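Have a look at the structure below before the remarks.
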Amino acid sequence: MKTSNNRFILDVNIILDFLLERGNYHSVSKIIEYLIKNKNGYISSSSLSTIYYTVRKYKKKLLKYLPKILGYFQIWKTPSYIDWNHPLAHKDIEDYLIHLTAESLNAFVITCDEKFLKLSDRAISPEKFFEVVLENKEDTIQFLDLRKQNLKIYNQMEIYLDSIITSSAFVCGKYVKEFEEKFAEYLKAKFCVGVNSGTSALIAALMAINLKPGDEVIIPVNTFIATAEAVAILGGKPIFVDIHPDYYTIDTDKLEEKITKKTKAIIPVHLYGQCADMDKIMKIAEKYNLYVIEDACQAHGAEYKGKKAGTIGHIGCFSFYPGKNLGSWGEAGACITNDDILAERLYKIRNHGGIKKYEHNVLGANFRMTEFQGAVLLKKLKFLDSWNKKRKKLANLYDVYLKPLEEKNLIKLPKRASYSTHVYHLYVIQVLKGEREEFINYLKKNNIFTFIHYPKLLVDTKPFKEKNTCYPVAKNSVKNIVSLPMGPHLSEKDIYKVCKCIYNYFNYDF
Amino acid sequence: MILEAYVENDKIIVPNVFKTKRKKIKVSIEIINENNGKDIDEKMLLRIEHHKKKKRREISLNLKKIEEYSKKLNLKGITVEDLINENIK
């Protein structure tokens with residue numbers, strides 16, 4: 001028997017037993033209850049006609065409720081890659097199609113059909129279903145679980161994916177264009193230029209401001225390496241600044257002292273989902289005639305004094321890496337600007353230096369976004385606010401539950417800046433007592449997975465190694481920070497479990 | 001040559017429009033609109049029959065075991081009415 005990720009497809013007669021209240025109705029009603037509560041029940045699209053016909057014949061009054069009832073499950077597409085040599089294909093093509101659907105979903109099929117059970121390694125009996133569920137009930141809390149989110153929207157994506165394949169327009173087509181328009185509208189910005197990653201967005205932005213070798217760009221010392229890489233790859237020199245002790249974003253009080261005649265730009269990073277103090281940064285930039293490129297790769301939907309992250313500086317850069325609050329199904333990014341001239345340069349830079357094919361007016365590269373990513377992002381954008389809302393709700397729960405431990409100086413919770421909203425791409429605490437590794441391992445032993453963002457300061461990485469560094473705040477926090485599980489895949493119950501485990505670690509009652 | 005025939009009391013009637021006196025003639029019939037829209041119902045019946053047969057060869061369930069597992073998972077069962085009325089706790 002194959003393994004599955006606790007996803008279950010219902011065989012036709014199982015659904016009919018339930019709908020018509022016949023046969024194994026009482027057992028099936030419990031299976032259905034479990035699947036609906038755990039949102040992991042699926043129906044193969046190949047079963048729909050039989051369900052419909054049978055209900056029409058035997059329980060016609062139920063017909064008008066059928067879409068609503070079936071809406072509690074997810075209809076999953078039936079694949080077209082038929083293996084006519086499969087034994088089930090010979091015996092019963094309808095069962096084989098359900099089996100094939102289960103293969104594509106890595107799911108089990110719950111059935112009472114003797115032949116189905118014999119000929120398909122995906123088929124399980126109702127008893128086996130309960131055994132599988134009880135075996136897998138280990139309460140693992142993943143740091144990130146993209147499967148739930150992606151499976152949920154997959155059938156809405158199918159129409160886009162089909163259209164891309166049938167039209168075979170794969171790069172910067174109608175979906176990329178529509179996403180660019182919709183994302184710009186969402187951010188209340190004039191232009192959105194879709195590119196193929198967050199790193200590409202930063203490189204393209206630095207090319208658009210005409211960064212030359214030797215130019216200096218100021219960035220915070222604790223962030224993902226891409227920010228520094230983008231500068232260095234163009235021959236620029238990243239100049240690092242310490243971080244704010246509470247917000248982990250660039251310390252604006254220490255920024256001005258790093259400005260030299262060579263400084264070309266500042267890249268504030270809205271780390272973990274909260275904005276850097278943009279008013280102060282813009283004021284300094286204006287004073288020294290510098291560009292500001294916002295790295296909003298972790299702050300989709302965050303607001304600074306009512307303005308969306310990424311729209312305040314000269315250019316805002318976004319990453320749509322799969323794990324981001326707005327994530328693609330691969331790699332994608334975007335540059336945001338309200339400046340017509342910068343926008344025109346960005347459009348050219350992302351497409352080998354020209355808007356039209358074989359017109360190369362400036363030095364560019366291939367930074368184009370693919371249609372698949374445009375389509376995924378277009379669909380997911382509609383959910384961004386509700387997903388962010390869920391993240392905020394979970395973060396508030398962490399705050400409430402963990403506050404007493406902070407009061408005992410055991411941990412430090414993330415702090416909110418008055419000038420910014422927080423979209424909690426990450427919920428980062430500091431472990432102040434005991435060894436951080438011990439804390440992480442204790443949680444891991446209890447099936448709770450955490451991460452560190454980031455384990456090294458940029459000046460401690462090989463490409464950007466600095467001797468005699470002086471970043472006391474970042475140096476101190478980098479030893480203590482731990483990112484707790486965060487994301488719309490989690491429930492309030494999950495947060496409770498994480499907090500209970502943390503209390504246990506510190507030997508306190510929750 | 002196409003002649004229009006019709007069905008009457010289970011007999012196919014071909015009008016003798018040529019008023020032919022010959023006793024033996026050869027006629028070929030092409031059936032149009034065979035079931036007068038009933039073909040969907042026939043398909044439906046075939047499918048239902050197929051599933052009825054399959055239902056007969058189903059394994060029997062160990063109800064005691066299922067009851068035991070359901071208790072462990074705190075499952076009481078849900079009804080069609082519950083789903084219609086969105087009564088899910």
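If you're wondering about the labels, chains in the structure tokens are A, B, ... by order shown, residues count from 1 in each chain, ligands from 1 in order shown.
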
Sort by chain and increasing residue number a table of all residues of region 7-88 of chain B within 12 Å of region 94-103 of chain A, each with its closest pair of atoms and their distance in Å to one decimal, counting only C-alpha atoms, and write it as CSV.
```
residue,atom,partner,partner_atom,distance
B:Arg47,CA,A:Glu94,CA,10.1
B:His50,CA,A:Glu94,CA,10.4
B:His51,CA,A:Glu94,CA,10.3
B:Lys54,CA,A:Asp95,CA,10.6
```

| said: So that I can check the surroundings of region 75-84 of chain A, please list as a PyMOL selection string every protein, DNA and RNA residue that reaches within 6 Å of it, counting only C-alpha atoms and ignoring chain neighbours fewer than 6 positions away. | reply: chain A and resi 42-45+101

| Near-Val14 (chain B) list (8 Å; only C-alpha atoms; drop same-chain fewer than 2 positions) as a PyMOL selection string | chain B and resi 3-6+12+16

Would you save the residues of that selection, restricted to all heavy atoms, as a compact mmCIF listing (two decimals), in the first residue's frame?
```txt
# COMPACT_ATOMS: atom_id res chain seq x y z
N LEU B 3 -37.18 8.29 -47.92
CA LEU B 3 -38.61 8.33 -47.59
C LEU B 3 -38.75 8.59 -46.10
O LEU B 3 -37.91 8.14 -45.31
CB LEU B 3 -39.27 6.99 -47.90
CG LEU B 3 -39.33 6.59 -49.38
CD1 LEU B 3 -39.91 5.18 -49.48
CD2 LEU B 3 -40.18 7.57 -50.16
N GLU B 4 -39.77 9.29 -45.73
CA GLU B 4 -39.97 9.55 -44.30
C GLU B 4 -40.87 8.47 -43.70
O GLU B 4 -42.01 8.31 -44.13
CB GLU B 4 -40.61 10.92 -44.11
CG GLU B 4 -40.22 11.53 -42.76
CD GLU B 4 -40.57 12.99 -42.69
OE1 GLU B 4 -39.87 13.82 -43.35
OE2 GLU B 4 -41.55 13.30 -42.02
N ALA B 5 -40.31 7.71 -42.75
CA ALA B 5 -41.09 6.67 -42.08
C ALA B 5 -41.50 7.16 -40.69
O ALA B 5 -40.99 8.16 -40.21
CB ALA B 5 -40.25 5.40 -41.97
N TYR B 6 -42.37 6.41 -40.03
CA TYR B 6 -42.74 6.77 -38.67
C TYR B 6 -43.08 5.51 -37.88
O TYR B 6 -43.27 4.44 -38.46
CB TYR B 6 -43.90 7.78 -38.64
CG TYR B 6 -45.16 7.32 -39.32
CD1 TYR B 6 -46.19 6.71 -38.59
CD2 TYR B 6 -45.33 7.48 -40.70
CE1 TYR B 6 -47.34 6.29 -39.20
CE2 TYR B 6 -46.47 7.05 -41.33
CZ TYR B 6 -47.47 6.45 -40.59
OH TYR B 6 -48.60 6.02 -41.19
N ILE B 12 -42.75 -0.01 -37.70
CA ILE B 12 -42.23 1.08 -38.52
C ILE B 12 -43.06 1.14 -39.80
O ILE B 12 -43.15 0.17 -40.55
CB ILE B 12 -40.73 0.87 -38.85
CG1 ILE B 12 -39.92 0.91 -37.54
CG2 ILE B 12 -40.23 1.94 -39.82
CD1 ILE B 12 -38.49 0.45 -37.69
N ASN B 16 -46.39 4.24 -48.76
CA ASN B 16 -46.20 3.81 -50.16
C ASN B 16 -46.49 5.00 -51.07
O ASN B 16 -47.51 5.05 -51.76
CB ASN B 16 -47.15 2.63 -50.44
CG ASN B 16 -46.91 2.04 -51.82
OD1 ASN B 16 -46.02 2.49 -52.55
ND2 ASN B 16 -47.69 1.05 -52.17
```

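Compared by their closest atoms to chain B, and using only C-alpha atoms, the residues A:Leu211, A:Ile448, A:Ile15, A:Ile336 rank with A:Ile15 nearest.
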
Tell me, counting only C-alpha atoms, for each residue of chain B within 12 Å of chain A, which pair of atoms is nearest and how far apart they are in Å to one decimal, in rows ordered by chain and increasing number, as a Markdown table.
```
| residue | atom | partner | partner_atom | distance |
| --- | --- | --- | --- | --- |
| B:Ile40 | CA | A:Tyr53 | CA | 9.4 |
| B:Asp41 | CA | A:Tyr53 | CA | 8.5 |
| B:Glu42 | CA | A:Tyr53 | CA | 10.6 |
| B:Lys43 | CA | A:Tyr53 | CA | 9.0 |
| B:Met44 | CA | A:Tyr53 | CA | 5.6 |
| B:Leu45 | CA | A:Tyr53 | CA | 8.2 |
| B:Leu46 | CA | A:Thr50 | CA | 9.9 |
| B:Arg47 | CA | A:Thr50 | CA | 6.5 |
| B:Ile48 | CA | A:Thr54 | CA | 6.2 |
| B:Glu49 | CA | A:Thr54 | CA | 9.8 |
| B:His50 | CA | A:Thr50 | CA | 10.0 |
| B:His51 | CA | A:Asn13 | CA | 7.2 |
| B:Lys52 | CA | A:Asn13 | CA | 8.9 |
| B:Lys53 | CA | A:Asp113 | CA | 10.4 |
| B:Lys54 | CA | A:Asp113 | CA | 6.8 |
| B:Lys55 | CA | A:Asn13 | CA | 7.1 |
| B:Arg56 | CA | A:Asp113 | CA | 8.9 |
| B:Arg57 | CA | A:Glu114 | CA | 6.4 |
| B:Glu58 | CA | A:Asp113 | CA | 4.6 |
| B:Ile59 | CA | A:Cys112 | CA | 5.4 |
| B:Ser60 | CA | A:Cys112 | CA | 7.6 |
| B:Leu61 | CA | A:Glu127 | CA | 7.4 |
| B:Asn62 | CA | A:Glu127 | CA | 7.2 |
| B:Leu63 | CA | A:Ser27 | CA | 7.4 |
| B:Lys64 | CA | A:Glu127 | CA | 10.0 |
| B:Lys65 | CA | A:Glu127 | CA | 7.1 |
| B:Ile66 | CA | A:Glu127 | CA | 6.0 |
| B:Glu67 | CA | A:Ser27 | CA | 7.9 |
| B:Glu68 | CA | A:Phe130 | CA | 9.7 |
| B:Tyr69 | CA | A:Phe130 | CA | 6.2 |
| B:Ser70 | CA | A:Lys30 | CA | 6.9 |
| B:Lys71 | CA | A:Lys30 | CA | 10.0 |
| B:Lys72 | CA | A:Leu134 | CA | 8.3 |
| B:Leu73 | CA | A:Leu134 | CA | 7.8 |
| B:Asn74 | CA | A:Tyr34 | CA | 9.2 |
| B:Leu75 | CA | A:Lys30 | CA | 5.8 |
| B:Lys76 | CA | A:Lys30 | CA | 6.3 |
| B:Gly77 | CA | A:Lys30 | CA | 4.0 |
| B:Ile78 | CA | A:Ser29 | CA | 5.1 |
| B:Thr79 | CA | A:Ser29 | CA | 6.5 |
| B:Val80 | CA | A:Leu19 | CA | 6.4 |
| B:Glu81 | CA | A:Ile69 | CA | 9.5 |
| B:Asp82 | CA | A:Ile69 | CA | 9.6 |
| B:Leu83 | CA | A:Ile69 | CA | 6.0 |
| B:Ile84 | CA | A:Ile69 | CA | 6.6 |
| B:Asn85 | CA | A:Lys68 | CA | 9.9 |
| B:Glu86 | CA | A:Ile69 | CA | 9.4 |
| B:Asn87 | CA | A:Glu33 | CA | 11.1 |
| B:Ile88 | CA | A:Lys37 | CA | 8.0 |
| B:Lys89 | CA | A:Lys37 | CA | 8.3 |
```
